[in-house]
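Remarks on the structure that follows.
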Amino acid sequence: MAEQKRKPVNWQLVARNVLLGAIPFLVLAGAWICAVHVYHVKPIFLPPLEKLPQTLVEMFVEDKIHKDILVSVFRVLAGFLLAVILATPLGMLMGYNKHASQTFAPFMGFIRYLPVPVFVPLTLLWFGSGDPQKMSIIFLGAFFQLVLMIEDAAKNVPPEYYEAARMLGAPRYDLVLRVLLPASAPQIFDSYRICIGWAWTYLVVAELVGASNGIGYFILRAQRYLLVPKIFAAMLIIGILGLLTDLLFIMLSRLLFRWKTHSR
Amino acid sequence: MPNRASAIAVRIRALEKTFPAARGSVAALTRINADFAEGQFCVILGPSGCGKSTLIRIIAGLERPSSGKVLVLDEPVSGPNPHCGMVFQAYTSFPWLTVERNIAFGLKYSRKYAKREHLSRAREYADKVGLGEFTRSYINRLSGGMKQRVALASALVTEPRILLMDEPFGALDSQTRILMQEHLLELWETNKMTVLFVTHDIEEAIFLADRIFICSARPARIIHEMNVDLERPRTTAMRNRAEFILLRHHIFHLLRDETYKRLIEERNG
């Protein structure tokens, strides 16, 4: 009991979870196949599912979709990271200090309710149509949400922890790094995970207007030429990227916050 | 300890505390005068919600009094001070730190110990509270009683002269609570520091205390002080002794009378 031994992986459990997680995908695929082959929905609305793999191969070989993927991933990461870097300290300050919250919260709430697409014309005007404009859209979409979520995480730190730390001799300025940060870190990390999902949707919004590359632009072009299978394939790619991001965050969070997962 | 008893660790004079409420204010403490002697195990006993926690929080420097004087080791209280360690009712050990890191937390702020000694000293105290096997466990893996042992070790590791305990065993089941009382006394016998222990449990008060301070219902006043003359070390068998039981009855009636009085006052407006 002295050392916390790692439990061996329970493969049966893993297999069961994977199978359970696969059910909705299989149901969706089944409905799709049904719609095409039983109800004869026209390929222009719904291309046959079995054409997808071939379409995907074409997209990588002929359209070099991986270049668009890289461009999009870069935009998401850059805009999101900037939002994280600025939102984390501000959100924590607002969660820790009542006056800071009273100062910033109404402003954040105001901007947060402006739909992100509203910013598209303005940012195009300010930054042109290159990467900075796309990142600014993602930043605007993520930052104001993140600030409020991080504020919430900081507010959730039980006040008893601060009192205990002060009784152990910690001066007030030490509470931020030794109590607030470690105590709220798991929930803050969780808000990153939720927010990066939104960042992807904002990216596509940004790339549907005034872009010359990226996945969103690819979908727009496919639509223009009625290449419906490619629209579906691109959506699949975005979905898979999202799934991978989520998995990455969950694994990172297990690694970083072992104290949390080690509750009996 | 006749000569030690003369020194006063915590002196309270004309202490009042009111909290702002939706309409006007609510009095939590009124006309509190008390001397807590150095080296004594003092228990503050009162009905639930009477304000006794507020009293100990003021002594700790976590709340400010509305008026009156609080002197800790002859110094007025202006905030948490290094002479006072505290154990809370809620589990306040930090779940993101292992047991040894929790216990070492306060050592950083006490200049008495070199940095390289911190962890070994923390382990030594983990051992003292019976957690020597769990130094690298995270808090979430521990039971309630073990969590309070960590909190106790964290408070004691810097050797404060006064230990404040705010219903520290209130959340534990009765078996564990009795074990913790005995364990606390064992630790206390080794250094005889001043302890201020808040509880609403009459039996706990008698078992632990040199001197009991009985509080009225809210707003709390100290309505009685009494010595407990049972010899030390205290044992479980003493709980069944006639003098123990008589004292328990006596205090029970004091508290009950007090509660009735207050009820009648409230009824008459």
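Identifiers in the structure tokens: chain A, B, ... in order shown; residue index from 1 per chain; ligand index from 1 in order shown.
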Exercise for review: Could you tell me, as a ChimeraX atom specification, which residues of segment 47-221 of chain B DSSP assigns to alpha helix (DSSP H) when given the backbone?
Suggested key: /B:52-60,99-104,118-128,144-156,174-191,202-208
Using the selection just defined, write its residues with C-alpha atoms as a PDB file, in the first residue's frame.
```pdb
ATOM      1  CA  LYS B  52     -18.024  28.710  19.213  1.00  0.00           C
ATOM      2  CA  SER B  53     -16.397  28.127  15.833  1.00  0.00           C
ATOM      3  CA  THR B  54     -16.465  31.875  15.267  1.00  0.00           C
ATOM      4  CA  LEU B  55     -14.639  32.305  18.568  1.00  0.00           C
ATOM      5  CA  ILE B  56     -11.809  29.977  17.582  1.00  0.00           C
ATOM      6  CA  ARG B  57     -11.624  31.508  14.108  1.00  0.00           C
ATOM      7  CA  ILE B  58     -11.157  34.939  15.689  1.00  0.00           C
ATOM      8  CA  ILE B  59      -8.365  33.581  17.876  1.00  0.00           C
ATOM      9  CA  ALA B  60      -6.812  32.045  14.751  1.00  0.00           C
ATOM     10  CA  VAL B  99       0.817  12.879   2.549  1.00  0.00           C
ATOM     11  CA  GLU B 100       4.460  13.863   3.090  1.00  0.00           C
ATOM     12  CA  ARG B 101       4.172  16.971   0.902  1.00  0.00           C
ATOM     13  CA  ASN B 102       1.027  17.979   2.746  1.00  0.00           C
ATOM     14  CA  ILE B 103       2.775  17.712   6.080  1.00  0.00           C
ATOM     15  CA  ALA B 104       5.812  19.588   4.759  1.00  0.00           C
ATOM     16  CA  HIS B 118      11.696  19.275   5.215  1.00  0.00           C
ATOM     17  CA  LEU B 119      10.749  15.903   3.793  1.00  0.00           C
ATOM     18  CA  SER B 120      12.470  13.824   6.433  1.00  0.00           C
ATOM     19  CA  ARG B 121      10.804  15.900   9.123  1.00  0.00           C
ATOM     20  CA  ALA B 122       7.445  15.486   7.398  1.00  0.00           C
ATOM     21  CA  ARG B 123       7.944  11.721   7.309  1.00  0.00           C
ATOM     22  CA  GLU B 124       8.849  11.737  10.977  1.00  0.00           C
ATOM     23  CA  TYR B 125       5.531  13.430  11.764  1.00  0.00           C
ATOM     24  CA  ALA B 126       3.635  11.098   9.435  1.00  0.00           C
ATOM     25  CA  ASP B 127       5.092   8.336  11.567  1.00  0.00           C
ATOM     26  CA  LYS B 128       3.983  10.084  14.759  1.00  0.00           C
ATOM     27  CA  GLY B 144     -11.693  10.380   7.059  1.00  0.00           C
ATOM     28  CA  GLY B 145      -9.732   9.530  10.186  1.00  0.00           C
ATOM     29  CA  MET B 146      -6.493   9.293   8.227  1.00  0.00           C
ATOM     30  CA  LYS B 147      -7.198  12.646   6.569  1.00  0.00           C
ATOM     31  CA  GLN B 148      -7.536  14.251   9.994  1.00  0.00           C
ATOM     32  CA  ARG B 149      -4.269  12.616  11.046  1.00  0.00           C
ATOM     33  CA  VAL B 150      -2.595  14.300   8.074  1.00  0.00           C
ATOM     34  CA  ALA B 151      -4.163  17.624   9.072  1.00  0.00           C
ATOM     35  CA  LEU B 152      -2.948  17.126  12.633  1.00  0.00           C
ATOM     36  CA  ALA B 153       0.592  16.308  11.521  1.00  0.00           C
ATOM     37  CA  SER B 154       0.587  19.321   9.151  1.00  0.00           C
ATOM     38  CA  ALA B 155      -0.378  21.580  12.037  1.00  0.00           C
ATOM     39  CA  LEU B 156       2.113  20.086  14.501  1.00  0.00           C
ATOM     40  CA  SER B 174     -18.030   7.371  16.647  1.00  0.00           C
ATOM     41  CA  GLN B 175     -15.513   4.510  16.757  1.00  0.00           C
ATOM     42  CA  THR B 176     -12.912   6.457  14.802  1.00  0.00           C
ATOM     43  CA  ARG B 177     -13.657   9.556  16.864  1.00  0.00           C
ATOM     44  CA  ILE B 178     -12.817   7.768  20.111  1.00  0.00           C
ATOM     45  CA  LEU B 179      -9.590   6.390  18.637  1.00  0.00           C
ATOM     46  CA  MET B 180      -8.625   9.859  17.446  1.00  0.00           C
ATOM     47  CA  GLN B 181      -9.312  11.349  20.888  1.00  0.00           C
ATOM     48  CA  GLU B 182      -6.989   8.835  22.483  1.00  0.00           C
ATOM     49  CA  HIS B 183      -4.372   9.380  19.821  1.00  0.00           C
ATOM     50  CA  LEU B 184      -4.563  13.143  20.237  1.00  0.00           C
ATOM     51  CA  LEU B 185      -4.032  12.838  23.994  1.00  0.00           C
ATOM     52  CA  GLU B 186      -1.038  10.556  23.464  1.00  0.00           C
ATOM     53  CA  LEU B 187       0.543  13.162  21.224  1.00  0.00           C
ATOM     54  CA  TRP B 188      -0.337  15.949  23.630  1.00  0.00           C
ATOM     55  CA  GLU B 189       1.225  14.139  26.615  1.00  0.00           C
ATOM     56  CA  THR B 190       4.589  14.301  24.853  1.00  0.00           C
ATOM     57  CA  ASN B 191       4.739  18.093  24.597  1.00  0.00           C
ATOM     58  CA  ILE B 202     -20.027  16.551  26.122  1.00  0.00           C
ATOM     59  CA  GLU B 203     -18.250  13.223  26.509  1.00  0.00           C
ATOM     60  CA  GLU B 204     -15.473  14.283  24.168  1.00  0.00           C
ATOM     61  CA  ALA B 205     -15.043  17.480  26.176  1.00  0.00           C
ATOM     62  CA  ILE B 206     -14.718  15.677  29.522  1.00  0.00           C
ATOM     63  CA  PHE B 207     -12.403  12.996  28.168  1.00  0.00           C
ATOM     64  CA  LEU B 208      -9.970  15.505  26.681  1.00  0.00           C
TER      65      LEU B 208
END
```
Exercise for review: Determine, counting only C-alpha atoms, which protein, DNA and RNA residues have an atom within 10 Å of an atom of Glu159 of chain B; residues of the same chain fewer than 2 positions away are not included. Present the result as a list in words.
Suggested key: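 Here the qualifying residues turn out to be Pro82, His83, Cys84, Gly85, Leu107, Ser110, Lys112, Ala153, Ser154, Ala155, Leu156, Val157, Arg161, Ile162, Leu163, Asn191 and Met193 of chain B.
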**Study point:** Pick from B:Phe19, B:Phe36, B:Trp96, B:Phe41 nearest to chain A, counting only C-alpha atoms
**Key:** B:Trp96
Practice item. Could you list, as a PyMOL selection string, the residues of chain B having an atom within 6 Å of chain A when counting only C-alpha atoms? Key: chain B and resi 80+92+96+106+109+133-134+138+140-141
Grab the residues selected above and save them as a PDB file, in the first residue's frame with N, CA and C atoms.
```pdb
ATOM      1  N   PRO B  80      -3.562  35.350  10.810  1.00  0.00           N
ATOM      2  CA  PRO B  80      -2.995  34.056  11.196  1.00  0.00           C
ATOM      3  C   PRO B  80      -1.548  34.243  11.652  1.00  0.00           C
ATOM      4  N   THR B  92      -9.146  19.440   5.144  1.00  0.00           N
ATOM      5  CA  THR B  92      -8.486  20.551   4.467  1.00  0.00           C
ATOM      6  C   THR B  92      -7.102  20.196   3.951  1.00  0.00           C
ATOM      7  N   TRP B  96      -3.982  17.451  -4.038  1.00  0.00           N
ATOM      8  CA  TRP B  96      -2.993  17.379  -5.119  1.00  0.00           C
ATOM      9  C   TRP B  96      -1.586  17.082  -4.583  1.00  0.00           C
ATOM     10  N   GLY B 106       3.810  23.593   5.531  1.00  0.00           N
ATOM     11  CA  GLY B 106       4.048  24.762   6.374  1.00  0.00           C
ATOM     12  C   GLY B 106       5.516  24.993   6.722  1.00  0.00           C
ATOM     13  N   TYR B 109       7.472  28.018   5.517  1.00  0.00           N
ATOM     14  CA  TYR B 109       7.258  29.355   6.070  1.00  0.00           C
ATOM     15  C   TYR B 109       7.831  29.512   7.467  1.00  0.00           C
ATOM     16  N   GLU B 133       3.323   4.466   6.748  1.00  0.00           N
ATOM     17  CA  GLU B 133       3.236   3.621   5.556  1.00  0.00           C
ATOM     18  C   GLU B 133       2.660   4.366   4.359  1.00  0.00           C
ATOM     19  N   PHE B 134       2.094   5.531   4.617  1.00  0.00           N
ATOM     20  CA  PHE B 134       1.305   6.189   3.567  1.00  0.00           C
ATOM     21  C   PHE B 134       1.899   7.505   3.104  1.00  0.00           C
ATOM     22  N   TYR B 138      -1.764   9.732  -2.077  1.00  0.00           N
ATOM     23  CA  TYR B 138      -2.532  10.961  -2.205  1.00  0.00           C
ATOM     24  C   TYR B 138      -3.698  10.941  -1.230  1.00  0.00           C
ATOM     25  N   ASN B 140      -6.864  11.559  -1.404  1.00  0.00           N
ATOM     26  CA  ASN B 140      -8.139  10.936  -1.776  1.00  0.00           C
ATOM     27  C   ASN B 140      -8.190   9.441  -1.468  1.00  0.00           C
ATOM     28  N   ARG B 141      -7.038   8.847  -1.300  1.00  0.00           N
ATOM     29  CA  ARG B 141      -7.011   7.410  -1.008  1.00  0.00           C
ATOM     30  C   ARG B 141      -7.232   7.119   0.464  1.00  0.00           C
TER      31      ARG B 141
END
```
Check your understanding: For the atom pair atom CA of Lys98 of chain A and atom CA of Ile150 of chain A, what is the interatomic distance in Å to one decimal place?
Key ->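 So the answer is 14.2 Å.
For the pair atom CA of Ile12 of chain B and atom CA of Val72 of chain B, the separation is 8.8 Å.
The space separating atom CA of Phe60 of chain A from atom CA of Ala211 of chain A comes to 19.9 Å.
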